[in-house]
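Student: Below are the structure tokens for one structure; questions will follow.
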Amino acid sequence: MRLADLIQLTGSAIRAQRTRSLLTGLGIAVGIAAVVLLTAIGEGVQRFVIAEFTQFGTNLLAVTPGKTQTFGISGATISTVRPLSLDDAQSLRRLPQVRSVVAFVQVNGAVEWKGRTRRTNIFGTGSAVPEVWQIRPALGRFLPDDEPRHARAFAVLGSKLRSELFGNVSPLGQRIRIGGESYRVIGSMRPKGQMLGFDLDDSVYIPVGRALAMFNRESLMEVDVLYQAGPTRTRSQRG
């Protein structure tokens, strides 16, 4: 059959069944549009999740406490609790490829300064947060590298909390109250945004040991480990 005859035959069939041809074409268009839309949504969600996790860097592991229930095979782990302690964080720091470790606990509480009060995220952390979380101070400095159980009462403000409490006044050296205790502000962080629902700008950072004692907690929520990618080297190889 010649191409001209094929085109003429197809055209006559379409004209003879206009409604059926229209519905067939509409179904094909809707199917293509649905595939394109779902692909675009899936790619968008993937990029969002990757952006949320990689804003703190790529070589980062989050270690969380053991569950109280498990669906694994071993019966010995059912209904047991394996909390994370400060000693666990210190042990992780000694591993060969580990660069820095942040012990982390988070609660919500009131921060007060001269009659102003704001309920916000209270992050108990360590001195390695700027390196591990990729967030830098905009003013002053971050928490010093004190021994966690005997850390000094220092606090660092998120950018939004600083604006809400202090406005245009410099917070450095000011005394604020957190959970009924007095803390001296030594720094304020640059804007960072949200991470999986946590507003890092509307927050205050205090030493993790003090946060555990303040809220009578025994276990850390998480230990973030920044590691060095590449082959493992022993201590003798590292010199």
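Just so we're on the same page: first chain in the structure tokens is A, next is B, and so on; residues restart at 1 for each chain, and ligands are numbered from 1 in the order they show up.
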Write down as a PyMOL selection string the residues of region 5-231 of chain A whose backbone DSSP state falls under strand (DSSP E).

Tutor: chain A and resi 60-63+98-113+116-125+137-140+154-157+175-178+181-189+194-195+198-199+203-207+222-227

Student: Write a file of the selected residues as a CSV table (one decimal), in the first residue's frame, keeping C-alpha atoms.

Tutor:
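Saved as result_13.csv:
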chain,number,residue,atom,x,y,z
A,60,LEU,CA,28.0,11.9,58.0
A,61,LEU,CA,26.5,9.1,60.0
A,62,ALA,CA,23.8,9.4,62.6
A,63,VAL,CA,23.9,6.8,65.4
A,98,VAL,CA,36.4,9.4,62.6
A,99,ARG,CA,37.1,13.1,62.2
A,100,SER,CA,34.6,14.6,64.7
A,101,VAL,CA,31.7,13.5,66.8
A,102,VAL,CA,28.6,15.5,68.1
A,103,ALA,CA,26.6,14.1,70.9
A,104,PHE,CA,23.1,15.5,70.6
A,105,VAL,CA,19.9,15.8,72.7
A,106,GLN,CA,17.0,18.1,71.9
A,107,VAL,CA,14.1,19.3,74.0
A,108,ASN,CA,11.7,22.2,73.8
A,109,GLY,CA,11.7,24.9,76.5
A,110,ALA,CA,11.6,28.5,77.5
A,111,VAL,CA,14.5,31.0,77.0
A,112,GLU,CA,14.3,34.2,79.0
A,113,TRP,CA,16.1,37.6,78.8
A,116,ARG,CA,11.2,38.5,77.2
A,117,THR,CA,10.4,34.8,76.9
A,118,ARG,CA,10.3,32.5,73.9
A,119,ARG,CA,9.7,28.8,73.7
A,120,THR,CA,12.2,27.3,71.4
A,121,ASN,CA,14.4,24.2,70.6
A,122,ILE,CA,17.1,23.6,73.1
A,123,PHE,CA,20.0,21.6,71.6
A,124,GLY,CA,22.5,20.0,73.8
A,125,THR,CA,25.6,19.6,71.6
A,137,PRO,CA,28.9,31.5,64.0
A,138,ALA,CA,28.0,34.9,62.6
A,139,LEU,CA,28.9,36.5,65.9
A,140,GLY,CA,31.3,35.4,68.6
A,154,PHE,CA,27.7,28.9,77.9
A,155,ALA,CA,25.0,29.3,75.2
A,156,VAL,CA,24.9,30.0,71.5
A,157,LEU,CA,21.8,31.4,69.8
A,175,ARG,CA,22.9,36.4,80.6
A,176,ILE,CA,19.8,34.4,79.6
A,177,ARG,CA,17.8,31.8,81.6
A,178,ILE,CA,17.2,28.3,80.2
A,181,GLU,CA,19.4,28.2,84.9
A,182,SER,CA,21.6,31.1,84.0
A,183,TYR,CA,23.8,30.9,80.8
A,184,ARG,CA,26.2,33.4,79.3
A,185,VAL,CA,25.8,34.0,75.5
A,186,ILE,CA,29.1,33.6,73.7
A,187,GLY,CA,27.9,33.5,70.1
A,188,SER,CA,25.1,33.6,67.5
A,189,MET,CA,24.9,31.3,64.4
A,194,GLN,CA,15.1,23.7,58.6
A,195,MET,CA,16.2,20.1,58.7
A,198,PHE,CA,13.7,21.2,63.1
A,199,ASP,CA,14.2,24.9,62.8
A,203,SER,CA,17.1,27.4,68.7
A,204,VAL,CA,19.7,27.7,71.4
A,205,TYR,CA,22.8,25.5,71.8
A,206,ILE,CA,24.1,24.5,75.2
A,207,PRO,CA,26.6,21.9,76.4
A,222,GLU,CA,21.7,10.8,68.6
A,223,VAL,CA,25.5,10.9,68.0
A,224,ASP,CA,26.5,12.4,64.6
A,225,VAL,CA,29.8,11.0,63.3
A,226,LEU,CA,31.8,12.9,60.6
A,227,TYR,CA,34.1,10.3,59.0

Student: Can you tell me how far CA of Gly158 (chain A) sits from CA of Gly173 (chain A), in Å to one decimal?

Tutor: 15.4 Å

Student: Smallest atom-to-atom distance to Ser159 (chain A): which of A:Leu212, A:Val129, A:Leu172, A:Leu200, using only C-alpha atoms?

Tutor: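 Among the listed residues, A:Leu200 lies closest to Ser159 (chain A).
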
Student: So how many Å separate CA of Ala89 (chain A) and CA of Pro148 (chain A), to one decimal?

Tutor: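 According to the coordinates, CA of Ala89 (chain A) and CA of Pro148 (chain A) are separated by 10.6 Å.
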
Student: Under the rule that only C-alpha atoms are counted, which of A:Leu3, A:Pro191, A:Ala34, A:Leu165 is the nearest residue to Gly115 (chain A)?

Tutor: A:Leu165

Student: Go through A:Ala229, A:Arg94, A:Ile7, A:Arg18 and flag the residue nearest Asn59 (chain A), using only C-alpha atoms for the distances.

Tutor: A:Ala229

Student: Got a sec: who's within 9 Å of region 144-146 of chain A, counting only C-alpha atoms, leaving out chain neighbours fewer than 5 positions off, as a ChimeraX atom specification?

Tutor: /A:126-128,151-152,154,207

Student: Select from region 116-235 of chain A everything DSSP, run on the backbone, classes as alpha helix (DSSP H), then give the selection as a count of residues only.

Tutor: 20

Student: So the first atom is CA of Met221 (chain A) and the second is CA of Leu84 (chain A); what is the distance between them in Å, to one decimal place?

Tutor: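 Between CA of Met221 (chain A) and CA of Leu84 (chain A) the gap works out to 7.4 Å.
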
Student: For Val208 (chain A), which residue out of A:Leu143, A:Gly27, A:Val35, A:Glu43 is the nearest one, using only C-alpha atoms?

Tutor: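 Nearest candidate to Val208 (chain A) out of A:Leu143, A:Gly27, A:Val35, A:Glu43: A:Leu143.
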